[in-house]
>>> print(open('input_25.txt').read())   # compact mmCIF, C-alpha atoms
# COMPACT_ATOMS: atom_id res chain seq x y z
CA VAL D 1 -50.92 -6.71 -50.81
CA PHE D 2 -47.25 -5.83 -51.23
CA ALA D 3 -45.14 -6.23 -48.08
CA LEU D 4 -41.55 -5.18 -47.49
CA GLY D 5 -39.76 -7.05 -44.70
CA ILE D 6 -36.87 -5.28 -43.01
CA ASP D 7 -34.33 -7.04 -40.77
CA PRO D 8 -32.72 -3.97 -39.19
CA GLY D 9 -28.99 -3.61 -38.71
CA LEU D 10 -26.27 -1.05 -39.15
CA SER D 11 -23.68 -3.24 -40.89
CA ARG D 12 -26.27 -5.18 -42.87
CA CYS D 13 -29.92 -4.22 -43.09
CA GLY D 14 -31.78 -6.97 -44.91
CA TYR D 15 -34.88 -6.33 -46.98
CA GLY D 16 -37.29 -8.59 -48.82
CA ALA D 17 -40.37 -7.58 -50.80
CA VAL D 18 -43.17 -10.09 -51.24
CA ARG D 19 -46.42 -9.68 -53.13
CA ALA D 20 -49.52 -11.70 -52.27
CA LEU D 21 -51.67 -12.50 -55.30
CA SER D 22 -55.26 -13.53 -54.73
CA SER D 23 -55.63 -17.05 -56.07
CA ALA D 24 -58.69 -18.47 -57.81
CA GLY D 25 -59.56 -20.22 -54.56
CA GLY D 26 -60.31 -16.98 -52.76
CA ALA D 27 -58.68 -15.00 -50.01
CA SER D 28 -57.75 -17.83 -47.66
CA GLY D 29 -54.19 -17.85 -46.40
CA ALA D 30 -53.40 -21.28 -47.79
CA GLY D 31 -54.59 -20.41 -51.30
CA ARG D 32 -52.62 -17.22 -51.66
CA GLN D 33 -49.78 -17.11 -54.12
CA LEU D 34 -46.73 -15.33 -52.74
CA SER D 35 -44.08 -13.91 -55.01
CA ALA D 36 -40.67 -12.48 -54.03
CA GLU D 37 -40.13 -9.30 -55.99
CA ALA D 38 -36.86 -8.06 -54.57
CA TYR D 39 -34.45 -8.85 -51.79
CA GLY D 40 -31.02 -7.78 -50.70
CA HIS D 41 -29.12 -5.76 -48.14
CA LEU D 42 -28.36 -2.17 -47.36
CA THR D 43 -24.87 -1.76 -45.94
CA THR D 44 -22.95 1.10 -44.37
CA PRO D 45 -19.14 1.40 -44.09
CA ALA D 46 -17.83 0.10 -40.76
CA SER D 47 -15.09 2.75 -40.86
CA ALA D 48 -17.55 5.69 -40.72
CA PRO D 49 -18.85 7.26 -37.48
CA VAL D 50 -22.11 5.74 -36.23
CA SER D 51 -24.02 8.97 -36.86
CA ASP D 52 -22.93 9.03 -40.52
CA ARG D 53 -23.74 5.34 -40.90
CA LEU D 54 -27.24 6.00 -39.53
CA GLY D 55 -27.57 9.00 -41.85
CA LEU D 56 -26.63 6.86 -44.86
CA LEU D 57 -29.00 4.09 -43.76
CA TRP D 58 -31.81 6.65 -43.50
CA GLU D 59 -31.17 7.79 -47.08
CA ASP D 60 -31.06 4.22 -48.36
CA LEU D 61 -34.28 3.29 -46.54
CA VAL D 62 -36.09 6.34 -47.92
CA GLY D 63 -34.82 5.46 -51.42
CA LEU D 64 -35.89 1.82 -51.05
CA LEU D 65 -39.40 2.78 -49.94
CA ASP D 66 -39.65 5.25 -52.80
CA ASP D 67 -38.56 2.61 -55.33
CA LEU D 68 -40.72 -0.25 -54.08
CA ARG D 69 -43.74 1.62 -52.65
CA PRO D 70 -44.92 -1.23 -50.39
CA ASP D 71 -48.37 -1.24 -48.80
CA VAL D 72 -46.95 -2.43 -45.52
CA VAL D 73 -43.48 -2.46 -43.99
CA VAL D 74 -42.76 -5.38 -41.66
CA VAL D 75 -39.92 -4.72 -39.23
CA GLU D 76 -38.36 -7.30 -36.95
CA ARG D 77 -39.15 -6.48 -33.35
CA VAL D 78 -35.80 -6.00 -31.65
CA LEU D 79 -35.32 -7.92 -28.42
CA PHE D 80 -32.50 -7.59 -25.98
CA GLN D 81 -29.60 -9.80 -26.78
CA VAL D 82 -26.43 -10.89 -25.11
CA ASN D 83 -24.34 -8.31 -26.92
CA ALA D 84 -25.55 -4.94 -25.66
CA ARG D 85 -23.49 -3.01 -28.18
CA THR D 86 -25.03 -4.84 -31.14
CA ALA D 87 -28.53 -4.64 -29.69
CA MET D 88 -28.27 -0.86 -29.42
CA SER D 89 -27.23 -0.35 -33.05
CA VAL D 90 -29.94 -2.77 -34.16
CA GLY D 91 -32.43 -0.76 -32.10
CA GLN D 92 -31.24 2.48 -33.67
CA ALA D 93 -31.56 0.98 -37.16
CA SER D 94 -35.05 -0.31 -36.35
CA GLY D 95 -36.03 3.20 -35.25
CA LEU D 96 -35.02 4.53 -38.65
CA ALA D 97 -36.94 1.79 -40.48
CA LEU D 98 -40.11 2.45 -38.47
CA ALA D 99 -39.86 6.24 -38.88
CA ALA D 100 -39.10 6.03 -42.60
CA ALA D 101 -42.05 3.69 -43.17
CA SER D 102 -44.39 6.02 -41.29
CA ARG D 103 -43.12 9.06 -43.19
CA ALA D 104 -43.65 7.19 -46.48
CA GLY D 105 -47.30 6.60 -45.57
CA CYS D 106 -46.96 2.82 -45.26
CA ALA D 107 -48.75 0.62 -42.77
CA VAL D 108 -46.26 -0.86 -40.29
CA ALA D 109 -46.18 -4.22 -38.53
CA GLN D 110 -43.63 -5.72 -36.17
CA TYR D 111 -43.04 -9.38 -35.29
CA SER D 112 -40.53 -11.02 -33.00
CA PRO D 113 -38.10 -13.59 -34.43
CA ASN D 114 -40.10 -16.36 -32.74
CA GLU D 115 -43.37 -15.20 -34.28
CA VAL D 116 -41.74 -15.22 -37.70
CA LYS D 117 -40.31 -18.72 -37.25
CA LEU D 118 -43.66 -19.98 -36.01
CA ALA D 119 -45.50 -18.50 -39.00
CA VAL D 120 -43.00 -19.64 -41.63
CA ALA D 121 -41.56 -22.90 -40.33
CA GLY D 122 -44.27 -24.04 -37.95
CA TYR D 123 -42.37 -23.70 -34.68
CA GLY D 124 -40.71 -20.85 -32.85
CA SER D 125 -37.31 -22.45 -32.43
CA ALA D 126 -36.74 -23.27 -36.10
CA SER D 127 -33.14 -22.94 -37.30
CA LYS D 128 -31.90 -20.38 -39.80
CA GLN D 129 -31.61 -23.16 -42.36
CA GLN D 130 -35.18 -24.33 -41.79
CA VAL D 131 -36.49 -20.78 -42.24
CA GLN D 132 -34.35 -20.41 -45.37
CA ARG D 133 -35.74 -23.65 -46.81
CA MET D 134 -39.37 -22.76 -46.03
CA VAL D 135 -38.95 -19.32 -47.56
CA GLN D 136 -37.60 -20.98 -50.70
CA LEU D 137 -40.60 -23.33 -50.89
CA LEU D 138 -43.25 -20.72 -50.10
CA LEU D 139 -41.84 -18.24 -52.59
CA HIS D 140 -41.05 -20.84 -55.28
CA LEU D 141 -37.41 -19.78 -55.50
CA ASP D 142 -35.03 -21.91 -57.56
CA GLU D 143 -32.57 -21.98 -54.68
CA PRO D 144 -32.55 -20.92 -51.02
CA PRO D 145 -31.84 -17.21 -50.46
CA ARG D 146 -28.16 -16.91 -49.50
CA PRO D 147 -26.73 -16.00 -47.11
CA PRO D 148 -29.44 -17.35 -44.75
CA ASP D 149 -30.03 -13.94 -43.20
CA ARG D 150 -31.39 -12.72 -46.54
CA ALA D 151 -34.20 -15.16 -45.95
CA ASP D 152 -35.06 -13.43 -42.67
CA ALA D 153 -36.36 -10.28 -44.33
CA LEU D 154 -38.42 -12.31 -46.79
CA ALA D 155 -39.70 -14.42 -43.87
CA LEU D 156 -40.92 -11.23 -42.13
CA ALA D 157 -42.99 -10.34 -45.19
CA VAL D 158 -44.29 -13.90 -45.51
CA CYS D 159 -45.20 -13.95 -41.81
CA HIS D 160 -47.27 -10.81 -42.20
CA LEU D 161 -48.96 -11.90 -45.42
CA SER D 162 -49.87 -15.34 -44.10
CA GLY D 163 -51.23 -13.81 -40.90
CA ALA D 164 -53.03 -11.09 -42.83
CA GLY D 165 -54.49 -13.72 -45.16
CA LEU D 166 -55.65 -15.78 -42.23
CA ARG D 167 -57.24 -12.80 -40.50
CA ALA D 168 -59.00 -11.79 -43.70
CA ALA D 169 -60.28 -15.35 -44.12
CA VAL D 170 -61.57 -15.44 -40.54
CA ALA D 171 -63.21 -12.04 -40.94
CA SER D 172 -65.00 -13.15 -44.11
CA GLY D 173 -66.00 -16.52 -42.68
CA ASP D 174 -63.89 -18.32 -45.31
CA ARG D 175 -61.86 -20.81 -43.33
CA THR D 176 -61.12 -23.30 -46.05
CA VAL Q 177 -19.21 27.15 -31.26
CA PHE Q 178 -22.94 26.47 -31.09
CA ALA Q 179 -23.87 23.10 -29.59
CA LEU Q 180 -27.28 21.44 -29.42
CA GLY Q 181 -27.68 18.82 -26.70
CA ILE Q 182 -30.28 16.12 -27.23
CA ASP Q 183 -31.56 13.82 -24.48
CA PRO Q 184 -33.33 11.24 -26.65
CA GLY Q 185 -36.73 9.82 -25.82
CA LEU Q 186 -39.99 8.99 -27.51
CA SER Q 187 -42.38 10.52 -24.97
CA ARG Q 188 -40.10 13.48 -24.20
CA CYS Q 189 -37.02 14.31 -26.21
CA GLY Q 190 -35.14 17.11 -24.45
CA TYR Q 191 -33.05 19.66 -26.31
CA GLY Q 192 -30.81 22.49 -25.15
CA ALA Q 193 -28.79 24.85 -27.35
CA VAL Q 194 -25.69 26.52 -25.86
CA ARG Q 195 -23.33 28.97 -27.52
CA ALA Q 196 -19.71 29.36 -26.37
CA LEU Q 197 -18.42 32.89 -26.74
CA SER Q 198 -14.65 33.46 -26.76
CA SER Q 199 -13.84 35.61 -23.76
CA ALA Q 200 -11.16 38.33 -23.63
CA GLY Q 201 -8.97 35.86 -21.70
CA GLY Q 202 -8.54 33.61 -24.72
CA ALA Q 203 -9.75 30.18 -25.69
CA SER Q 204 -9.23 28.39 -22.38
CA GLY Q 205 -12.16 26.32 -21.12
CA ALA Q 206 -12.44 28.22 -17.86
CA GLY Q 207 -12.61 31.64 -19.52
CA ARG Q 208 -15.32 30.79 -22.00
CA GLN Q 209 -18.70 32.40 -21.65
CA LEU Q 210 -21.56 29.99 -22.20
CA SER Q 211 -25.01 31.16 -23.14
CA ALA Q 212 -28.23 29.11 -23.32
CA GLU Q 213 -30.08 30.10 -26.47
CA ALA Q 214 -33.00 27.68 -26.46
CA TYR Q 215 -34.23 24.66 -24.56
CA GLY Q 216 -37.35 22.58 -24.40
CA HIS Q 217 -38.86 19.24 -25.31
CA LEU Q 218 -40.19 17.49 -28.35
CA THR Q 219 -43.10 15.22 -27.50
CA THR Q 220 -45.11 12.62 -29.37
CA PRO Q 221 -48.62 11.38 -28.51
CA ALA Q 222 -48.56 8.22 -26.37
CA SER Q 223 -51.75 7.05 -28.08
CA ALA Q 224 -50.14 6.82 -31.55
CA PRO Q 225 -48.37 3.72 -32.91
CA VAL Q 226 -44.61 3.65 -32.23
CA SER Q 227 -43.80 3.96 -35.93
CA ASP Q 228 -45.89 7.12 -36.25
CA ARG Q 229 -44.37 8.55 -33.07
CA LEU Q 230 -40.89 7.94 -34.50
CA GLY Q 231 -41.99 9.52 -37.81
CA LEU Q 232 -43.22 12.61 -35.97
CA LEU Q 233 -40.05 12.79 -33.89
CA TRP Q 234 -37.98 12.63 -37.09
CA GLU Q 235 -39.90 15.58 -38.54
CA ASP Q 236 -39.51 17.59 -35.34
CA LEU Q 237 -35.79 16.86 -35.12
CA VAL Q 238 -35.23 17.89 -38.75
CA GLY Q 239 -37.21 21.09 -38.09
CA LEU Q 240 -35.26 21.84 -34.92
CA LEU Q 241 -31.90 21.41 -36.68
CA ASP Q 242 -33.10 23.58 -39.53
CA ASP Q 243 -34.23 26.31 -37.12
CA LEU Q 244 -31.17 26.32 -34.87
CA ARG Q 245 -28.40 25.26 -37.29
CA PRO Q 246 -25.96 24.08 -34.60
CA ASP Q 247 -22.30 23.39 -35.36
CA VAL Q 248 -22.38 20.24 -33.29
CA VAL Q 249 -25.13 17.98 -32.01
CA VAL Q 250 -24.41 16.29 -28.67
CA VAL Q 251 -26.49 13.17 -28.07
CA GLU Q 252 -26.66 11.25 -24.82
CA ARG Q 253 -25.06 7.84 -25.27
CA VAL Q 254 -27.77 5.34 -24.45
CA LEU Q 255 -26.82 2.64 -22.00
CA PHE Q 256 -28.79 -0.41 -21.08
CA GLN Q 257 -31.18 0.20 -18.28
CA VAL Q 258 -33.36 -1.85 -16.03
CA ASN Q 259 -36.45 -1.29 -18.16
CA ALA Q 260 -35.76 -3.00 -21.48
CA ARG Q 261 -38.87 -1.57 -23.10
CA THR Q 262 -37.89 2.03 -22.31
CA ALA Q 263 -34.25 1.45 -23.29
CA MET Q 264 -35.32 0.25 -26.73
CA SER Q 265 -37.49 3.29 -27.48
CA VAL Q 266 -34.72 5.56 -26.18
CA GLY Q 267 -32.29 3.73 -28.47
CA GLN Q 268 -34.63 4.17 -31.42
CA ALA Q 269 -35.01 7.89 -30.67
CA SER Q 270 -31.22 8.27 -30.35
CA GLY Q 271 -30.82 6.64 -33.76
CA LEU Q 272 -33.09 9.30 -35.26
CA ALA Q 273 -31.19 12.12 -33.53
CA LEU Q 274 -27.82 10.83 -34.76
CA ALA Q 275 -29.07 10.27 -38.31
CA ALA Q 276 -30.83 13.65 -38.49
CA ALA Q 277 -27.68 15.43 -37.24
CA SER Q 278 -25.52 13.68 -39.82
CA ARG Q 279 -28.00 14.46 -42.62
CA ALA Q 280 -28.02 18.13 -41.53
CA GLY Q 281 -24.23 18.27 -41.91
CA CYS Q 282 -23.55 18.77 -38.20
CA ALA Q 283 -20.64 17.35 -36.26
CA VAL Q 284 -21.86 14.77 -33.75
CA ALA Q 285 -20.61 13.89 -30.28
CA GLN Q 286 -21.92 11.40 -27.73
CA TYR Q 287 -21.33 11.27 -23.98
CA SER Q 288 -22.60 8.89 -21.33
CA PRO Q 289 -24.64 10.27 -18.42
CA ASN Q 290 -21.63 9.80 -16.12
CA GLU Q 291 -19.33 11.75 -18.44
CA VAL Q 292 -21.84 14.60 -18.47
CA LYS Q 293 -22.18 14.64 -14.68
CA LEU Q 294 -18.41 14.57 -14.29
CA ALA Q 295 -17.95 17.49 -16.71
CA VAL Q 296 -20.75 19.62 -15.31
CA ALA Q 297 -20.91 18.84 -11.60
CA GLY Q 298 -17.41 17.47 -10.97
CA TYR Q 299 -18.30 13.87 -10.19
CA GLY Q 300 -19.99 11.09 -12.10
CA SER Q 301 -22.64 10.26 -9.52
CA ALA Q 302 -24.05 13.77 -9.14
CA SER Q 303 -27.81 13.97 -8.60
CA LYS Q 304 -30.30 15.45 -11.04
CA GLN Q 305 -30.64 18.44 -8.72
CA GLN Q 306 -26.89 19.03 -8.61
CA VAL Q 307 -26.68 18.93 -12.39
CA GLN Q 308 -29.65 21.28 -12.61
CA ARG Q 309 -28.01 23.72 -10.21
CA MET Q 310 -24.63 23.66 -11.99
CA VAL Q 311 -26.30 24.20 -15.36
CA GLN Q 312 -28.06 27.23 -13.87
CA LEU Q 313 -24.75 28.65 -12.58
CA LEU Q 314 -22.71 27.92 -15.71
CA LEU Q 315 -25.33 29.37 -18.02
CA HIS Q 316 -26.23 32.32 -15.76
CA LEU Q 317 -29.91 31.42 -15.72
CA ASP Q 318 -32.21 33.30 -13.34
CA GLU Q 319 -33.64 30.02 -12.09
CA PRO Q 320 -32.84 26.32 -12.51
CA PRO Q 321 -34.23 24.78 -15.70
CA ARG Q 322 -37.40 22.92 -14.76
CA PRO Q 323 -38.28 20.10 -14.81
CA PRO Q 324 -34.76 18.81 -13.97
CA ASP Q 325 -34.58 16.71 -17.11
CA ARG Q 326 -34.59 19.88 -19.18
CA ALA Q 327 -31.23 20.58 -17.62
CA ASP Q 328 -29.90 17.28 -18.97
CA ALA Q 329 -29.95 18.41 -22.59
CA LEU Q 330 -28.26 21.71 -21.67
CA ALA Q 331 -25.73 19.74 -19.61
CA LEU Q 332 -24.84 17.65 -22.68
CA ALA Q 333 -24.04 20.81 -24.64
CA VAL Q 334 -22.06 22.28 -21.70
CA CYS Q 335 -20.13 19.00 -21.35
CA HIS Q 336 -19.08 19.12 -24.97
CA LEU Q 337 -18.22 22.82 -24.96
CA SER Q 338 -16.14 22.60 -21.80
CA GLY Q 339 -14.32 19.55 -23.12
CA ALA Q 340 -13.88 21.11 -26.54
CA GLY Q 341 -12.59 24.30 -24.93
CA LEU Q 342 -10.14 22.35 -22.85
CA ARG Q 343 -8.88 20.38 -25.83
CA ALA Q 344 -8.45 23.57 -27.86
CA ALA Q 345 -6.52 25.14 -24.99
CA VAL Q 346 -4.23 22.12 -24.70
CA ALA Q 347 -3.66 22.08 -28.45
CA SER Q 348 -2.68 25.75 -28.49
CA GLY Q 349 -0.48 25.47 -25.37
CA ASP Q 350 -2.78 27.85 -23.49
CA ARG Q 351 -3.37 26.06 -20.21
CA THR Q 352 -4.25 29.02 -18.04
>>> encode(input="input_25.txt", output="C-alpha cells")
Amino acid sequence: VFALGIDPGLSRCGYGAVRALSSAGGASGAGRQLSAEAYGHLTTPASAPVSDRLGLLWEDLVGLLDDLRPDVVVVERVLFQVNARTAMSVGQASGLALAAASRAGCAVAQYSPNEVKLAVAGYGSASKQQVQRMVQLLLHLDEPPRPPDRADALALAVCHLSGAGLRAAVASGDRT
Amino acid sequence: VFALGIDPGLSRCGYGAVRALSSAGGASGAGRQLSAEAYGHLTTPASAPVSDRLGLLWEDLVGLLDDLRPDVVVVERVLFQVNARTAMSVGQASGLALAAASRAGCAVAQYSPNEVKLAVAGYGSASKQQVQRMVQLLLHLDEPPRPPDRADALALAVCHLSGAGLRAAVASGDRT
C-alpha cells in the first residue's frame, strides 16, 4: 500500500509519501516495513490573491498525485482553531486536496491531529518534536524530518498504514 | 460585464449569472440594465463520501464556468458560523469555487453576506425575503427566485455589478 499524507495549507501544504512493504512475518501492523519515498511542501506566493493561490495549489496537487500515484490519500481533518482566518484557508486547501484525490481515483482517509499523534507517538497530546522523532524511527530516516511540520504529513501516512495494517490483521485473525 | 455569483455549499451550491448592459445614460451604476441569464443549484449526493462530493462539485463548477464563460466570478466570503461542521464544508466548497474561477482565467471577487445585503437591499441586516424581492425588482423577473437561497447567488452578482458600475462612474467623473 502506498499512502500520501497531506497536511493542508495555503502558504505551506505538506506532503509525505510512505510505502508499506509486507514483511516476512505477515500482514500484522507491527511487522510491516514502512519506507518514506518522498516528502516536501507545496507553497503559493503570499503576494497573490487567494483565488490564484488556490488555483496554483490545485495544479500542484494534481501534478503531485499524477507523479506519485498513491493508492490512498490521507488528509488531516481540519478542526476549528483560534485563528478563524487561518482555519478558513486551511479548510479551503483541504477541500482541494480531497477533491483532487477523488478526481485522481484514489481512496481517501481523514484523521484528526490527535488521532495521528495517538497512532504515531502513543498519546494524543504528543509534541511536534515527539511526532518528528517517532516518524524518524518508524521510517528509518537518518535524521528527523525538518522543519517539524514536514513530519506531520509523513505521520498522517504512517497513521493510516499502521491502522490499516492493524485492521487487516484483525480481519485475518492474525493478531501477533 | 458578465458576472457569475456563487453561494458555496456541498449539499447545494447556488449560482446566478447576471449581465450588465450599458444603458443610453452612460456607465453610471444607477443607469445600468441588469439581466439574469441563468441561475440554479449544483448538488452532490449526501450519501457519498465528502471527498467524492467535493470531486463532483469540482467537475460541475468547471463545467459551469466553461458553459457560461463569465468575466468575473463573485463568491460569498465564508464567515464562521454557529455550526462548525457546516462552516467547514462551506469553506471547502468555497475553496473549489475560487480555485476553479482562477484556473478558468476569470477575475474573482468576494463579498460578505452583509456587504451583499447592503448593496442589494440597502441595509446589512435585510431578510432573505427582502433580498429575494430586491433581486426580483433589479433583474425584472416575473416572480421572485425560489427558493430564497437561489436569490443569494444572483444577489452576489448584482452586488458586484452595482459596485463595479459605481466605481467606474467615479473613475470617469460621471456621478449622475
>>> closest_residue(input="input_25.txt", among="Q:Gly190, Q:Gly271, Q:Pro320, Q:Pro184", to="chain D", atoms="only C-alpha atoms")
Q:Gly271
>>> atom_distance(input="input_25.txt", atom1="CA of Ala153 (chain D)", atom2="CA of Val120 (chain D)")
11.8 Å
>>> interface_residues(input="input_25.txt", of="chain D", to="chain Q", cutoff="7 Å", atoms="only C-alpha atoms", output="ChimeraX atom specification")
/D:51-52,54-55,58,88,91-96,98-100,102-103,108
>>> write_last_selection(input="input_25.txt", atoms="C-alpha atoms", output="short mmCIF file (atom, residue, chain, number, x, y, z; two decimals), in the frame of the given file")
data_model
loop_
_atom_site.label_atom_id
_atom_site.label_comp_id
_atom_site.auth_asym_id
_atom_site.auth_seq_id
_atom_site.Cartn_x
_atom_site.Cartn_y
_atom_site.Cartn_z
CA SER D 51 -24.02 8.97 -36.86
CA ASP D 52 -22.93 9.03 -40.52
CA LEU D 54 -27.24 6.00 -39.53
CA GLY D 55 -27.57 9.00 -41.85
CA TRP D 58 -31.81 6.65 -43.50
CA MET D 88 -28.27 -0.86 -29.42
CA GLY D 91 -32.43 -0.76 -32.10
CA GLN D 92 -31.24 2.48 -33.67
CA ALA D 93 -31.56 0.98 -37.16
CA SER D 94 -35.05 -0.31 -36.35
CA GLY D 95 -36.03 3.20 -35.25
CA LEU D 96 -35.02 4.53 -38.65
CA LEU D 98 -40.11 2.45 -38.47
CA ALA D 99 -39.86 6.24 -38.88
CA ALA D 100 -39.10 6.03 -42.60
CA SER D 102 -44.39 6.02 -41.29
CA ARG D 103 -43.12 9.06 -43.19
CA VAL D 108 -46.26 -0.86 -40.29
#
>>> residues_around(input="input_25.txt", residues="Tyr39 (chain D)", least_positions_apart="2", cutoff="7 Å", atoms="all atoms listed in the file", output="ChimeraX atom specification")
/D:15-17
>>> write_last_selection(input="input_25.txt", atoms="C-alpha atoms", output="PDB file, keeping the file's coordinate frame")
ATOM      1  CA  TYR D  15     -34.880  -6.330 -46.980  1.00  0.00           C
ATOM      2  CA  GLY D  16     -37.290  -8.590 -48.820  1.00  0.00           C
ATOM      3  CA  ALA D  17     -40.370  -7.580 -50.800  1.00  0.00           C
TER       4      ALA D  17
END
>>> residues_around(input="input_25.txt", residues="Ser288 (chain Q)", least_positions_apart="4", cutoff="10 Å", atoms="all atoms listed in the file", output="MDAnalysis selection string")
chainID Q and resid 251:255 292:294 300 332
>>> atom_distance(input="input_25.txt", atom1="CA of Leu4 (chain D)", atom2="CA of Ala151 (chain D)")
12.5 Å
>>> residues_around(input="input_25.txt", residues="Arg309 (chain Q)", least_positions_apart="3", cutoff="12 Å", atoms="only C-alpha atoms", output="ChimeraX atom specification")
/Q:293,296-297,302-306,312-328,330-331
>>> atom_distance(input="input_25.txt", atom1="CA of Val1 (chain D)", atom2="CA of Val18 (chain D)")
8.5 Å
>>> closest_residue(input="input_25.txt", among="D:Ala157, D:Met134, D:Leu10, D:Leu68", to="Ala46 (chain D)", atoms="all atoms listed in the file")
D:Leu10
>>> closest_residue(input="input_25.txt", among="D:Cys13, D:Arg19, D:Ser35, D:Ser125", to="Val72 (chain D)", atoms="all atoms listed in the file")
D:Arg19
>>> build_atoms(input="input_25.txt", residues="region 266-283 of chain Q", atoms="N, CA and C atoms", output="CSV table (one decimal), in the frame of the given file")
chain,number,residue,atom,x,y,z
Q,266,VAL,N,-35.8,4.5,-26.3
Q,266,VAL,CA,-34.7,5.6,-26.2
Q,266,VAL,C,-33.6,5.3,-27.2
Q,267,GLY,N,-33.3,4.1,-27.4
Q,267,GLY,CA,-32.3,3.7,-28.5
Q,267,GLY,C,-32.8,4.1,-29.9
Q,268,GLN,N,-34.1,3.8,-30.1
Q,268,GLN,CA,-34.6,4.2,-31.4
Q,268,GLN,C,-34.6,5.7,-31.6
Q,269,ALA,N,-35.0,6.4,-30.6
Q,269,ALA,CA,-35.0,7.9,-30.7
Q,269,ALA,C,-33.6,8.4,-30.9
Q,270,SER,N,-32.6,7.8,-30.2
Q,270,SER,CA,-31.2,8.3,-30.4
Q,270,SER,C,-30.7,8.0,-31.8
Q,271,GLY,N,-31.2,6.9,-32.4
Q,271,GLY,CA,-30.8,6.6,-33.8
Q,271,GLY,C,-31.3,7.7,-34.7
Q,272,LEU,N,-32.5,8.2,-34.4
Q,272,LEU,CA,-33.1,9.3,-35.3
Q,272,LEU,C,-32.3,10.6,-35.1
Q,273,ALA,N,-31.9,10.9,-33.8
Q,273,ALA,CA,-31.2,12.1,-33.5
Q,273,ALA,C,-29.8,12.1,-34.2
Q,274,LEU,N,-29.1,11.0,-34.1
Q,274,LEU,CA,-27.8,10.8,-34.8
Q,274,LEU,C,-27.9,10.9,-36.3
Q,275,ALA,N,-28.9,10.2,-36.9
Q,275,ALA,CA,-29.1,10.3,-38.3
Q,275,ALA,C,-29.5,11.7,-38.8
Q,276,ALA,N,-30.4,12.3,-38.1
Q,276,ALA,CA,-30.8,13.6,-38.5
Q,276,ALA,C,-29.7,14.6,-38.4
Q,277,ALA,N,-28.8,14.5,-37.4
Q,277,ALA,CA,-27.7,15.4,-37.2
Q,277,ALA,C,-26.7,15.2,-38.4
Q,278,SER,N,-26.4,14.0,-38.7
Q,278,SER,CA,-25.5,13.7,-39.8
Q,278,SER,C,-26.1,14.2,-41.1
Q,279,ARG,N,-27.4,14.0,-41.4
Q,279,ARG,CA,-28.0,14.5,-42.6
Q,279,ARG,C,-28.0,16.0,-42.7
Q,280,ALA,N,-28.0,16.7,-41.6
Q,280,ALA,CA,-28.0,18.1,-41.5
Q,280,ALA,C,-26.6,18.7,-41.6
Q,281,GLY,N,-25.6,17.8,-41.7
Q,281,GLY,CA,-24.2,18.3,-41.9
Q,281,GLY,C,-23.6,18.7,-40.6
Q,282,CYS,N,-24.1,18.4,-39.5
Q,282,CYS,CA,-23.6,18.8,-38.2
Q,282,CYS,C,-22.5,17.8,-37.8
Q,283,ALA,N,-21.5,18.3,-37.0
Q,283,ALA,CA,-20.6,17.4,-36.3
Q,283,ALA,C,-21.5,16.7,-35.2
